[in-house]
file input12.txt (compact mmCIF, C-alpha atoms and all ligand atoms)
# COMPACT_ATOMS: atom_id res chain seq x y z
CA MET A 1392 47.04 -15.11 31.48
CA LYS A 1393 46.97 -18.24 29.37
CA LYS A 1394 48.77 -16.51 26.54
CA ALA A 1395 51.51 -15.12 28.77
CA ARG A 1396 52.35 -18.56 30.10
CA LYS A 1397 52.83 -20.09 26.70
CA LYS A 1398 56.53 -19.50 26.53
CA THR A 1399 58.52 -19.51 23.34
CA VAL A 1400 61.77 -21.16 24.27
CA ALA A 1401 64.46 -20.82 21.67
CA ALA A 1402 66.60 -23.92 21.20
CA ASN A 1403 69.50 -22.09 22.72
CA GLY A 1404 71.32 -24.89 24.44
CA GLY A 1405 69.28 -24.28 27.54
CA SER A 1406 71.90 -22.16 29.21
CA LEU A 1407 70.44 -19.86 31.81
CA TRP A 1408 71.27 -16.20 32.12
CA PRO A 1409 72.65 -14.98 35.46
CA LEU A 1410 70.41 -11.98 35.98
CA ARG A 1411 71.30 -9.34 38.54
CA PHE A 1412 69.21 -6.25 38.99
CA THR A 1413 67.38 -4.15 41.54
CA LEU A 1414 63.73 -5.03 41.98
CA ASN A 1415 61.54 -2.81 44.13
CA GLY A 1416 64.55 -1.56 46.03
CA LYS A 1417 66.14 -4.96 46.64
CA LYS A 1418 69.07 -6.53 44.84
CA VAL A 1419 67.97 -9.70 43.08
CA SER A 1420 70.06 -12.48 41.51
CA ALA A 1421 68.37 -15.22 39.53
CA LYS A 1422 69.04 -17.65 36.76
CA VAL A 1423 66.65 -16.96 33.92
CA GLN A 1424 65.67 -18.49 30.64
CA PRO A 1425 66.93 -15.75 28.30
CA THR A 1426 63.87 -15.96 26.07
CA GLN A 1427 61.52 -15.30 28.96
CA THR A 1428 59.92 -11.88 28.89
CA LEU A 1429 60.47 -9.61 31.86
CA LEU A 1430 56.70 -9.79 32.37
CA ASP A 1431 56.72 -13.59 32.71
CA PHE A 1432 59.83 -13.50 34.85
CA LEU A 1433 58.22 -11.06 37.28
CA ARG A 1434 54.91 -12.91 37.46
CA ILE A 1435 56.02 -16.52 37.34
CA GLU A 1436 59.51 -16.60 38.89
CA MET A 1437 59.21 -13.62 41.25
CA GLY A 1438 55.54 -14.14 42.10
CA LEU A 1439 54.81 -10.47 41.50
CA THR A 1440 51.45 -10.78 39.81
CA GLY A 1441 50.53 -7.10 40.13
CA THR A 1442 51.98 -6.51 36.68
CA LYS A 1443 49.47 -7.82 34.15
CA GLY A 1444 49.78 -9.21 30.68
CA ALA A 1445 47.00 -8.90 28.13
CA CYS A 1446 47.92 -8.14 24.53
CA LEU A 1447 51.61 -9.13 24.75
CA GLU A 1448 52.32 -6.83 21.83
CA GLY A 1449 52.78 -3.40 23.32
CA GLU A 1450 49.24 -2.18 22.68
CA CYS A 1451 47.60 -2.05 26.10
CA GLY A 1452 50.07 -0.95 28.80
CA SER A 1453 48.80 -3.39 31.41
CA CYS A 1454 52.38 -4.72 31.71
CA TYR A 1455 54.04 -1.36 32.43
CA VAL A 1456 56.89 -1.33 34.92
CA LEU A 1457 59.41 1.40 35.66
CA VAL A 1458 62.90 0.66 34.39
CA ASP A 1459 65.37 3.21 35.73
CA GLY A 1460 62.35 5.38 36.37
CA ARG A 1461 60.93 5.24 32.84
CA PRO A 1462 57.75 3.38 31.87
CA MET A 1463 58.30 0.32 29.72
CA ASN A 1464 56.19 -2.54 28.43
CA SER A 1465 57.56 -5.55 30.28
CA CYS A 1466 55.89 -7.86 27.73
CA LEU A 1467 58.37 -6.60 25.13
CA MET A 1468 61.52 -6.91 27.20
CA LEU A 1469 63.45 -10.10 27.61
CA ALA A 1470 64.39 -10.72 31.23
CA PRO A 1471 68.18 -10.43 30.68
CA GLN A 1472 67.65 -6.92 29.35
CA ALA A 1473 66.90 -5.85 32.94
CA GLN A 1474 70.54 -6.60 33.81
CA ASP A 1475 71.96 -3.93 36.16
CA ARG A 1476 68.75 -1.90 35.82
CA THR A 1477 66.40 -0.74 38.54
CA VAL A 1478 62.92 -2.13 38.07
CA THR A 1479 59.88 -0.99 40.01
CA THR A 1480 56.60 -2.87 39.79
CA ILE A 1481 53.29 -1.85 41.32
CA GLU A 1482 54.29 -3.91 44.38
CA GLY A 1483 57.08 -1.42 44.98
CA PHE A 1484 54.77 1.59 45.22
CA ALA A 1485 53.37 1.36 48.75
CA HIS A 1486 55.69 2.08 51.65
CA ASN A 1487 55.19 0.99 55.27
CA LYS A 1488 51.69 -0.20 54.42
CA LYS A 1489 50.87 3.25 53.11
CA LEU A 1490 49.69 3.52 49.56
CA ASP A 1491 51.43 5.83 47.11
CA VAL A 1492 49.43 9.05 46.55
CA ILE A 1493 48.44 7.92 43.07
CA GLN A 1494 47.15 4.59 44.37
CA GLN A 1495 45.27 6.41 47.14
CA LYS A 1496 43.58 8.72 44.65
CA PHE A 1497 42.59 5.82 42.42
CA VAL A 1498 40.82 4.29 45.42
CA GLU A 1499 39.17 7.54 46.47
CA CYS A 1500 37.97 8.39 42.98
CA GLY A 1501 36.62 4.95 42.17
CA ALA A 1502 39.00 4.83 39.22
CA VAL A 1503 39.13 1.03 39.40
CA GLN A 1504 36.54 -1.39 38.11
CA CYS A 1505 37.91 -4.81 37.16
CA GLY A 1506 41.36 -3.48 37.99
CA TYR A 1507 43.26 -5.20 35.24
CA CYS A 1508 44.55 -1.96 33.75
CA THR A 1509 45.16 -0.27 37.09
CA PRO A 1510 48.77 -1.23 37.87
CA GLY A 1511 49.87 -0.17 34.39
CA LEU A 1512 48.02 3.13 34.65
CA ILE A 1513 49.51 3.91 38.04
CA VAL A 1514 52.99 3.15 36.72
CA ALA A 1515 52.37 5.42 33.72
CA ALA A 1516 51.07 8.20 35.97
CA LYS A 1517 54.06 7.87 38.27
CA ALA A 1518 56.48 8.16 35.37
CA LEU A 1519 54.65 11.19 34.03
CA LEU A 1520 54.43 13.00 37.37
CA THR A 1521 58.08 12.33 38.13
CA GLU A 1522 59.13 13.97 34.88
CA ASN A 1523 56.47 16.66 34.86
CA PRO A 1524 54.89 17.40 38.27
CA HIS A 1525 52.24 19.74 36.85
CA PRO A 1526 50.92 18.25 33.64
CA THR A 1527 48.14 19.93 31.74
CA ARG A 1528 45.13 17.84 30.78
CA GLU A 1529 46.67 17.39 27.34
CA GLU A 1530 49.96 16.22 28.84
CA PHE A 1531 48.08 13.74 31.02
CA LEU A 1532 46.38 12.35 27.94
CA VAL A 1533 49.74 11.88 26.22
CA GLY A 1534 51.37 10.39 29.32
CA MET A 1535 48.55 7.86 29.68
CA GLU A 1536 47.96 7.16 26.00
CA GLY A 1537 49.73 3.81 26.12
CA ASN A 1538 47.21 2.34 28.55
CA ILE A 1539 43.88 0.85 27.64
CA CYS A 1540 41.04 0.51 30.12
CA ARG A 1541 38.03 -1.48 28.99
CA CYS A 1542 35.80 -0.64 31.94
CA THR A 1543 35.90 2.86 33.29
CA GLY A 1544 35.70 5.33 30.45
CA TYR A 1545 38.86 7.05 31.74
CA ASN A 1546 37.23 10.07 33.40
CA LYS A 1547 37.77 8.87 36.94
CA ILE A 1548 41.27 7.74 36.08
CA LEU A 1549 42.15 11.21 34.85
CA ARG A 1550 40.50 12.76 37.89
CA ALA A 1551 42.55 10.49 40.19
CA CYS A 1552 45.77 11.41 38.40
CA GLU A 1553 45.02 15.12 38.54
CA LEU A 1554 44.20 14.97 42.25
CA ALA A 1555 47.39 13.01 42.86
CA ALA A 1556 49.36 15.68 41.02
CA ASP A 1557 47.71 18.38 43.13
CA GLU A 1558 48.51 16.57 46.35
CA MET A 1559 52.08 15.82 45.36
CA GLY A 1560 52.52 19.48 44.46
CA LEU A 1561 51.10 20.57 47.82
CA LYS A 1562 53.34 18.18 49.68
CA LYS A 1563 56.47 19.50 48.09
CA LYS A 1564 55.73 23.12 48.97
CA MET B 1022 72.35 -18.14 23.54
CA PHE B 1023 71.87 -14.62 24.76
CA TYR B 1024 74.72 -12.16 24.33
CA GLN B 1025 74.88 -8.78 25.96
CA PRO B 1026 77.89 -6.86 24.63
CA ASN B 1027 78.87 -3.45 26.02
CA VAL B 1028 80.61 -2.10 22.94
CA ILE B 1029 79.70 -2.01 19.27
CA GLU B 1030 82.78 -3.97 18.13
CA GLU B 1031 81.76 -6.93 20.27
CA ALA B 1032 78.26 -6.89 18.87
CA LEU B 1033 79.57 -6.77 15.30
CA GLY B 1034 82.01 -9.58 16.03
CA LEU B 1035 79.17 -11.76 17.27
CA LYS B 1036 77.01 -10.86 14.31
CA ALA B 1037 79.77 -11.98 11.95
CA GLU B 1038 80.68 -15.13 13.89
CA LEU B 1039 77.32 -16.62 14.77
CA LYS B 1040 76.25 -19.16 12.21
CA ASP B 1041 72.67 -17.90 12.00
CA GLY B 1042 73.88 -14.29 12.17
CA GLY B 1043 72.14 -13.85 15.51
CA THR B 1044 69.22 -11.56 16.08
CA PHE B 1045 69.87 -8.01 17.20
CA ILE B 1046 67.43 -7.00 19.88
CA ALA B 1047 66.91 -3.52 21.27
CA GLY B 1048 63.36 -2.36 22.07
CA GLY B 1049 61.87 -5.75 21.22
CA THR B 1050 58.82 -4.09 19.74
CA ASP B 1051 59.01 -6.30 16.68
CA VAL B 1052 60.87 -9.48 17.60
CA VAL B 1053 59.38 -10.07 21.06
CA VAL B 1054 55.88 -9.54 19.71
CA LEU B 1055 56.55 -12.32 17.20
CA MET B 1056 57.96 -14.54 19.96
CA ASN B 1057 54.98 -13.90 22.23
CA HIS B 1058 52.67 -14.99 19.44
CA GLY B 1059 54.74 -18.06 18.66
CA LYS B 1060 55.78 -16.73 15.24
CA ALA B 1061 59.51 -16.54 15.89
CA ALA B 1062 62.00 -18.30 18.10
CA PRO B 1063 65.46 -16.96 17.37
CA GLU B 1064 68.31 -19.10 18.65
CA ASN B 1065 70.84 -16.39 19.28
CA PHE B 1066 70.20 -12.91 20.59
CA ILE B 1067 72.63 -10.04 20.54
CA ASP B 1068 71.22 -7.51 22.99
CA LEU B 1069 72.06 -3.94 22.03
CA THR B 1070 70.51 -2.21 25.05
CA HIS B 1071 73.66 -2.30 27.14
CA ILE B 1072 75.87 -0.46 24.64
CA PRO B 1073 75.92 3.17 25.86
CA GLU B 1074 77.53 4.58 22.69
CA LEU B 1075 74.51 3.39 20.69
CA ARG B 1076 72.35 5.90 22.60
CA ALA B 1077 74.55 8.93 21.97
CA ILE B 1078 73.46 12.14 20.26
CA HIS B 1079 76.15 14.43 18.89
CA ARG B 1080 75.60 17.91 17.51
CA HIS B 1081 77.74 19.08 14.63
CA ASP B 1082 77.47 22.21 12.57
CA GLY B 1083 74.02 22.01 11.05
CA ALA B 1084 73.55 18.32 11.72
CA LEU B 1085 72.73 15.82 14.40
CA GLU B 1086 74.46 12.49 14.58
CA LEU B 1087 72.14 10.01 16.22
CA ALA B 1088 73.48 6.64 17.26
CA GLY B 1089 71.34 3.73 16.11
CA ASN B 1090 69.61 3.03 19.40
CA VAL B 1091 68.38 6.53 20.03
CA THR B 1092 64.82 5.93 21.23
CA TYR B 1093 61.63 7.64 20.14
CA ALA B 1094 61.54 9.23 23.59
CA GLN B 1095 64.96 10.77 22.91
CA ALA B 1096 64.12 11.71 19.33
CA GLY B 1097 60.90 13.33 20.52
CA LYS B 1098 63.00 15.99 22.23
CA LEU B 1099 65.18 16.86 19.25
CA PRO B 1100 65.00 20.29 17.59
CA VAL B 1101 64.01 18.75 14.26
CA ARG B 1102 60.30 19.22 13.96
CA CYS B 1103 59.13 16.41 11.70
CA LEU B 1104 61.34 13.84 13.40
CA ALA B 1105 60.30 14.92 16.89
CA LEU B 1106 56.60 14.91 16.02
CA ALA B 1107 56.85 11.59 14.20
CA SER B 1108 58.62 10.05 17.19
CA LEU B 1109 55.99 11.33 19.60
CA SER B 1110 53.28 9.86 17.38
CA VAL B 1111 54.63 6.34 17.88
CA GLY B 1112 52.84 4.07 20.36
CA GLY B 1113 52.60 5.26 23.94
CA PRO B 1114 55.25 6.34 26.45
CA GLY B 1115 56.45 2.77 27.11
CA ILE B 1116 56.93 2.00 23.43
CA ARG B 1117 58.72 5.30 22.93
CA GLU B 1118 61.18 4.39 25.69
CA LEU B 1119 61.83 1.00 24.11
CA GLY B 1120 61.65 1.51 20.37
CA THR B 1121 64.65 2.83 18.46
CA LEU B 1122 65.14 4.70 15.20
CA ALA B 1123 67.48 2.02 13.85
CA GLY B 1124 64.89 -0.61 14.70
CA ASN B 1125 62.28 1.33 12.79
CA LEU B 1126 64.57 1.57 9.76
CA ALA B 1127 65.67 -2.05 9.88
CA SER B 1128 62.14 -3.43 10.16
CA ALA B 1129 61.30 -1.31 7.09
CA SER B 1130 57.61 -1.24 7.84
CA PRO B 1131 55.72 0.67 5.14
CA ALA B 1132 54.07 2.53 8.03
CA GLY B 1133 57.35 3.42 9.77
CA ASP B 1134 56.88 6.88 11.28
CA GLY B 1135 60.55 7.42 12.13
CA SER B 1136 61.62 6.13 8.71
CA THR B 1137 59.29 8.53 6.91
CA ALA B 1138 60.41 11.60 8.84
CA LEU B 1139 64.04 10.64 8.29
CA LEU B 1140 63.41 10.23 4.55
CA ALA B 1141 62.08 13.77 4.26
CA LEU B 1142 65.20 15.01 6.03
CA ASP B 1143 67.66 13.43 3.57
CA ALA B 1144 69.01 11.41 6.49
CA GLU B 1145 72.12 9.37 5.94
CA VAL B 1146 72.75 6.04 7.64
CA GLU B 1147 76.05 4.55 8.64
CA LEU B 1148 76.06 0.78 8.23
CA THR B 1149 78.87 -0.99 10.05
CA SER B 1150 80.20 -4.51 10.11
CA VAL B 1151 83.52 -6.16 10.92
CA ARG B 1152 84.39 -5.36 7.31
CA GLY B 1153 84.15 -1.63 7.95
CA ALA B 1154 81.61 1.18 7.75
CA ARG B 1155 79.78 2.65 4.79
CA ARG B 1156 77.37 5.53 4.48
CA LEU B 1157 74.18 5.45 2.51
CA PRO B 1158 71.55 8.09 1.80
CA LEU B 1159 68.34 6.82 3.33
CA ASP B 1160 66.47 6.89 0.02
CA LYS B 1161 68.82 4.13 -1.16
CA PHE B 1162 68.15 2.07 1.96
CA PHE B 1163 64.61 0.75 1.44
CA LEU B 1164 64.63 -1.75 -1.42
CA ALA B 1165 61.26 -3.49 -1.36
CA TYR B 1166 58.58 -4.57 1.07
CA ARG B 1167 60.43 -5.20 4.35
CA LYS B 1168 63.71 -5.35 2.43
CA THR B 1169 66.64 -3.05 3.05
CA ALA B 1170 70.21 -2.55 1.90
CA LEU B 1171 71.45 -3.84 5.24
CA ALA B 1172 73.81 -6.81 4.77
CA VAL B 1173 73.48 -9.79 7.12
CA ASP B 1174 76.50 -8.80 9.15
CA GLU B 1175 75.73 -5.08 9.33
CA MET B 1176 74.31 -2.83 12.01
CA ILE B 1177 72.82 0.65 11.64
CA THR B 1178 75.30 2.51 13.82
CA LYS B 1179 74.49 6.12 12.98
CA ILE B 1180 71.79 8.28 11.48
CA THR B 1181 72.75 11.79 10.43
CA VAL B 1182 70.05 14.43 10.07
CA PRO B 1183 70.35 18.11 9.20
CA THR B 1184 69.04 20.71 11.64
CA THR B 1185 68.85 23.30 8.89
CA TYR B 1186 65.68 22.00 7.20
CA ARG B 1187 62.29 23.45 8.01
CA SER B 1188 59.94 20.54 8.35
CA ASP B 1189 56.56 19.35 9.49
CA TRP B 1190 54.68 16.13 10.14
CA SER B 1191 51.15 14.86 10.01
CA LYS B 1192 49.64 11.46 10.72
CA ASN B 1193 46.15 10.18 10.17
CA GLY B 1194 44.86 7.03 11.75
CA LYS B 1195 41.78 5.54 13.25
CA ARG B 1196 42.40 6.96 16.70
CA GLY B 1197 44.47 9.60 18.41
CA ALA B 1198 46.86 7.37 20.33
CA MET B 1199 48.64 4.05 19.83
CA ASN B 1200 48.17 4.63 16.19
CA ILE B 1201 49.44 2.96 13.08
CA SER B 1202 48.85 5.38 10.27
CA ILE B 1203 46.37 5.22 7.43
CA VAL B 1204 48.71 7.75 5.89
CA ALA B 1205 51.52 9.74 7.47
CA ALA B 1206 53.42 12.52 5.77
CA ALA B 1207 56.62 14.43 6.38
CA VAL B 1208 57.60 17.50 4.41
CA ALA B 1209 60.75 19.58 4.54
CA ILE B 1210 62.32 22.57 2.86
CA THR B 1211 66.08 22.59 2.51
CA PRO B 1212 68.24 25.70 2.95
CA LYS B 1213 68.43 25.82 -0.87
CA LYS B 1214 64.62 25.97 -0.95
CA GLU B 1215 64.20 22.48 -2.33
CA THR B 1216 61.16 20.59 -1.16
CA ARG B 1217 61.10 17.08 0.29
CA ILE B 1218 57.97 14.99 0.60
CA ALA B 1219 57.89 11.56 2.24
CA LEU B 1220 54.87 9.37 2.88
CA ALA B 1221 54.14 6.29 4.99
CA SER B 1222 51.58 3.57 4.37
CA VAL B 1223 51.07 4.31 0.67
CA ALA B 1224 53.57 1.91 -0.90
CA ALA B 1225 55.62 -1.18 -0.07
CA THR B 1226 58.10 0.96 1.83
CA PRO B 1227 58.09 4.51 3.16
CA ILE B 1228 58.62 6.59 0.02
CA ARG B 1229 59.72 9.95 -1.31
CA CYS B 1230 57.55 11.71 -3.90
CA TYR B 1231 60.31 12.80 -6.24
CA LYS B 1232 58.12 14.12 -9.05
CA ALA B 1233 56.15 16.42 -6.79
CA GLU B 1234 59.37 17.54 -5.14
CA LYS B 1235 60.99 18.33 -8.45
CA PHE B 1236 57.94 20.23 -9.64
CA LEU B 1237 58.04 22.43 -6.53
CA THR B 1238 61.78 22.95 -6.66
CA GLU B 1239 61.47 24.10 -10.27
CA ASN B 1240 58.31 26.16 -9.91
CA GLY B 1241 58.61 27.59 -6.42
CA LEU B 1242 56.24 27.25 -3.51
CA ASN B 1243 52.96 29.11 -3.64
CA ALA B 1244 49.30 28.30 -3.21
CA GLY B 1245 48.95 27.32 -6.86
CA THR B 1246 52.04 25.14 -7.20
CA ILE B 1247 51.29 23.44 -3.89
CA ARG B 1248 47.87 22.43 -5.18
CA GLN B 1249 49.43 21.07 -8.36
CA ALA B 1250 52.11 19.23 -6.39
CA ALA B 1251 49.42 17.59 -4.27
CA GLU B 1252 47.86 16.31 -7.51
CA ILE B 1253 51.23 14.86 -8.56
CA VAL B 1254 51.59 13.16 -5.18
CA ARG B 1255 48.31 11.35 -5.81
CA THR B 1256 49.73 9.84 -8.99
CA GLU B 1257 53.05 8.86 -7.44
CA ILE B 1258 51.76 6.55 -4.73
CA ARG B 1259 50.44 3.00 -4.85
CA PRO B 1260 48.56 2.31 -1.65
CA ILE B 1261 46.66 -0.91 -1.12
CA THR B 1262 43.21 -1.37 0.34
CA ASP B 1263 43.50 -2.92 3.77
CA HIS B 1264 41.68 -3.04 7.10
CA ARG B 1265 42.70 0.55 7.79
CA ALA B 1266 41.26 2.19 4.69
CA SER B 1267 40.66 1.83 0.97
CA ALA B 1268 43.35 2.65 -1.56
CA ASP B 1269 41.18 5.46 -2.96
CA TYR B 1270 40.82 7.06 0.41
CA LYS B 1271 44.56 6.89 1.04
CA VAL B 1272 45.24 8.57 -2.30
CA HIS B 1273 42.80 11.34 -1.49
CA LEU B 1274 44.14 11.73 2.05
CA SER B 1275 47.74 11.91 0.86
CA GLY B 1276 47.00 14.81 -1.44
CA VAL B 1277 45.16 16.71 1.25
CA MET B 1278 47.80 16.10 3.89
CA VAL B 1279 50.71 17.14 1.70
CA ARG B 1280 48.87 20.25 0.56
CA ARG B 1281 48.02 21.35 4.10
CA LEU B 1282 51.52 20.65 5.41
CA LEU B 1283 53.15 22.66 2.64
CA GLU B 1284 50.67 25.51 2.97
CA ASN B 1285 51.48 25.77 6.66
CA LEU B 1286 55.18 25.54 6.07
CA VAL B 1287 55.06 28.38 3.54
CA LYS B 1288 52.99 30.51 5.91
CA ALA B 1289 55.28 29.94 8.88
S1 LIG C 1601 50.64 -6.83 27.72
FE1 LIG C 1601 52.29 -5.49 27.35
S2 LIG C 1601 51.34 -3.86 26.32
FE2 LIG C 1601 49.71 -5.27 26.53
S1 LIG C 1602 39.21 -1.18 35.24
FE1 LIG C 1602 38.86 -2.87 33.98
S2 LIG C 1602 40.22 -2.50 32.34
FE2 LIG C 1602 40.36 -0.71 33.48
call {"tool": "encode", "arguments": {"input": "input12.txt", "output": "structure tokens"}}
result
Amino acid sequence: MKKARKKTVAANGGSLWPLRFTLNGKKVSAKVQPTQTLLDFLRIEMGLTGTKGACLEGECGSCYVLVDGRPMNSCLMLAPQAQDRTVTTIEGFAHNKKLDVIQQKFVECGAVQCGYCTPGLIVAAKALLTENPHPTREEFLVGMEGNICRCTGYNKILRACELAADEMGLKKK
Amino acid sequence: MFYQPNVIEEALGLKAELKDGGTFIAGGTDVVVLMNHGKAAPENFIDLTHIPELRAIHRHDGALELAGNVTYAQAGKLPVRCLALASLSVGGPGIRELGTLAGNLASASPAGDGSTALLALDAEVELTSVRGARRLPLDKFFLAYRKTALAVDEMITKITVPTTYRSDWSKNGKRGAMNISIVAAAVAITPKKETRIALASVAATPIRCYKAEKFLTENGLNAGTIRQAAEIVRTEIRPITDHRASADYKVHLSGVMVRRLLENLVKA
């Protein structure tokens, strides 16, 4: 995370931005440096280190969060851009100590090795399955194409996502 | 300072007033990358993501009016084939939610997928400032490498595209996803049966291949003329050798891509 911490602070008079938004279901107010990325804000100011930063240029997806339900690269958003939005990070996925189905399937399938890509992948899968509950294999590949995993080879990840889709489909019936 | 206007007029007012002109920010896929790598540190930001009218899509007779901040995710659902496919070929889902068509045009990357599809569609842009609005055909918009006709106080407020063109898109890169093209091509046929050919990554800006277009418009579209037009395309482009591919390869690829696209379009 060395790179992510090296902040580029514009000489902007140092005035802080009064940020108000919903984070993992809770209303949050904070004063933020307007040049801070949403990724850094979440990790450093909010202590939510589940969201990862790697490339910091939109190439890897490890920084994915849901903004109003859609997947976005938090490394490319400035914190004030989350104003009045609803942001969900991986920390907002489990409820009452129970993992989200997608998380559960990742565990069961062994879809995690070093785990650095995992939060981003789960966020991407969530966004996909919310929009399209029964994706084909091809649609899965498109929905997950913004995420890079350097360890697993993707097969178990896809398997976990497909099983999660099956289970979510069963639950709804 | 960071400004977050809710209406276009406010944003334009700021753009005109701020001494350094301020930096428009929407998806951040260009400017925040530069900031993250310590290559830019703008002093004043004008955030365009909280202006709802900049996300609007209006349908008129035979045309779509896209506000500047229509995202690739939005454009990917439009009933305009080459634009939809080009938009879906950009980045991954997160980038497509963030990145905007106006951002793609303004950054004027030679590899701009959205820009190239819009060129083939004879898109028109509306450029607005506190001084008023003007309209410009997109082929007058790209001036040189990363240079556009956009004045310092202007914003791309609208992009108009016809829905009456038949079009198609093809992109070649080193991998299937998260791809910046080696060559990308958009072709279209107008209701008057004129052909449009636009290419990315083969010149300093996304370009139209006017000579090949003219040849096809004059000689009609058939297997023979398409093959000849593909030859003309090869002479019209000036790609450079870079880490993605050699100039020779890009020339060859361009001819093949344009030929296949047109053959399919004629068949369909
Ligand atoms: S850290 Fe954001 S995409 Fe890689
Ligand atoms: S598990 Fe290590 S990068 Fe995916």
call {"tool": "residues_near_ligand", "arguments": {"input": "input12.txt", "ligand": "ligand LIG 1602 (chain C)", "cutoff": "12 Å", "atoms": "all atoms listed in the file", "output": "number ranges by chain"}}
result
A: 1443-1445, 1451-1453, 1497-1498, 1501-1513, 1538-1548
call {"tool": "residues_around", "arguments": {"input": "input12.txt", "residues": "A:Glu1536", "least_positions_apart": "5", "cutoff": "7 Å", "atoms": "all atoms listed in the file", "output": "list in words"}}
result
Gly1113, Ala1198 and Met1199 of chain B
call {"tool": "closest_residue", "arguments": {"input": "input12.txt", "among": "A:Gly1441, A:Gly1537, A:Gly1560, A:Pro1462", "to": "ligand LIG 1601 (chain C)", "atoms": "only C-alpha atoms and all ligand atoms"}}
result
A:Gly1537
call {"tool": "closest_residue", "arguments": {"input": "input12.txt", "among": "A:Ala1421, A:Ala1515, A:Leu1433, A:Leu1439", "to": "chain B", "atoms": "all atoms listed in the file"}}
result
A:Ala1515
call {"tool": "residues_near_point", "arguments": {"input": "input12.txt", "point": "(69.7, -8.0, 41.1)", "cutoff": "12 Å", "atoms": "all atoms listed in the file", "output": "list in words"}}
result
Pro1409, Leu1410, Arg1411, Phe1412, Thr1413, Leu1414, Asn1415, Gly1416, Lys1417, Lys1418, Val1419, Ser1420, Ala1421, Lys1422, Val1423, Met1437, Ala1470, Pro1471, Gln1472, Ala1473, Gln1474, Asp1475, Arg1476, Thr1477 and Val1478 of chain A
call {"tool": "closest_residue", "arguments": {"input": "input12.txt", "among": "B:Tyr1024, B:Pro1114, B:Pro1100, B:Thr1169", "to": "ligand LIG 1601 (chain C)", "atoms": "all atoms listed in the file"}}
result
B:Pro1114
call {"tool": "atom_distance", "arguments": {"input": "input12.txt", "atom1": "atom CA of B:Ala1233", "atom2": "atom CA of B:Val1277"}}
result
13.6 Å
call {"tool": "closest_residue", "arguments": {"input": "input12.txt", "among": "A:Met1468, A:Ala1516, A:Thr1426, A:Asn1523", "to": "B:Asn1065", "atoms": "all atoms listed in the file"}}
result
A:Thr1426
call {"tool": "closest_residue", "arguments": {"input": "input12.txt", "among": "A:Ser1406, A:Asn1464, A:Thr1527, A:Gln1495", "to": "ligand LIG 1601 (chain C)", "atoms": "only C-alpha atoms and all ligand atoms"}}
result
A:Asn1464
call {"tool": "atom_distance", "arguments": {"input": "input12.txt", "atom1": "atom CA of B:Ala1084", "atom2": "atom CA of B:Met1176"}}
result
21.2 Å
call {"tool": "residues_around", "arguments": {"input": "input12.txt", "residues": "stretch 1070-1073 of chain B", "least_positions_apart": "3", "cutoff": "9 Å", "atoms": "all atoms listed in the file", "output": "short mmCIF file (atom, residue, chain, number, x, y, z; two decimals) with C-alpha atoms, in the coordinates of the input"}}
result
data_model
loop_
_atom_site.label_atom_id
_atom_site.label_comp_id
_atom_site.auth_asym_id
_atom_site.auth_seq_id
_atom_site.Cartn_x
_atom_site.Cartn_y
_atom_site.Cartn_z
CA GLN A 1472 67.65 -6.92 29.35
CA GLN A 1474 70.54 -6.60 33.81
CA GLN B 1025 74.88 -8.78 25.96
CA PRO B 1026 77.89 -6.86 24.63
CA ASN B 1027 78.87 -3.45 26.02
CA VAL B 1028 80.61 -2.10 22.94
CA ILE B 1029 79.70 -2.01 19.27
CA ALA B 1032 78.26 -6.89 18.87
CA ILE B 1046 67.43 -7.00 19.88
CA ALA B 1047 66.91 -3.52 21.27
CA GLY B 1048 63.36 -2.36 22.07
CA ARG B 1076 72.35 5.90 22.60
CA ALA B 1077 74.55 8.93 21.97
CA ASN B 1090 69.61 3.03 19.40
#
call {"tool": "atom_distance", "arguments": {"input": "input12.txt", "atom1": "atom CA of B:Thr1246", "atom2": "atom CA of B:Arg1280"}}
result
9.7 Å
call {"tool": "interface_residues", "arguments": {"input": "input12.txt", "of": "chain B", "to": "chain A", "cutoff": "12 Å", "atoms": "all atoms listed in the file", "output": "PyMOL selection string"}}
result
chain B and resi 1022-1027+1041+1043-1044+1046-1072+1094+1109-1120+1196-1201
call {"tool": "closest_residue", "arguments": {"input": "input12.txt", "among": "A:Met1559, A:Lys1489, A:Asp1431, A:Pro1526", "to": "ligand LIG 1601 (chain C)", "atoms": "all atoms listed in the file"}}
result
A:Asp1431
call {"tool": "axis_aligned_box", "arguments": {"input": "input12.txt", "around": "ligand LIG 1601 (chain C)", "padding_each_side": "4 Å", "output": "AutoDock Vina command-line options"}}
result
--center_x 51.0 --center_y -5.3 --center_z 27.0 --size_x 10.6 --size_y 11.0 --size_z 9.4
call {"tool": "residues_near_point", "arguments": {"input": "input12.txt", "point": "(49.7, 9.5, 5.8)", "cutoff": "7 Å", "atoms": "only C-alpha atoms", "output": "list in words"}}
result
Ser1191, Lys1192, Asn1193, Ser1202, Ile1203, Val1204, Ala1205, Ala1206, Leu1220, Ala1221, Ser1222 and Ser1275 of chain B
call {"tool": "write_last_selection", "arguments": {"input": "input12.txt", "atoms": "C-alpha atoms", "output": "tab-separated table (two decimals), keeping the file's coordinate frame"}}
result
chain	number	residue	atom	x	y	z
B	1191	SER	CA	51.15	14.86	10.01
B	1192	LYS	CA	49.64	11.46	10.72
B	1193	ASN	CA	46.15	10.18	10.17
B	1202	SER	CA	48.85	5.38	10.27
B	1203	ILE	CA	46.37	5.22	7.43
B	1204	VAL	CA	48.71	7.75	5.89
B	1205	ALA	CA	51.52	9.74	7.47
B	1206	ALA	CA	53.42	12.52	5.77
B	1220	LEU	CA	54.87	9.37	2.88
B	1221	ALA	CA	54.14	6.29	4.99
B	1222	SER	CA	51.58	3.57	4.37
B	1275	SER	CA	47.74	11.91	0.86
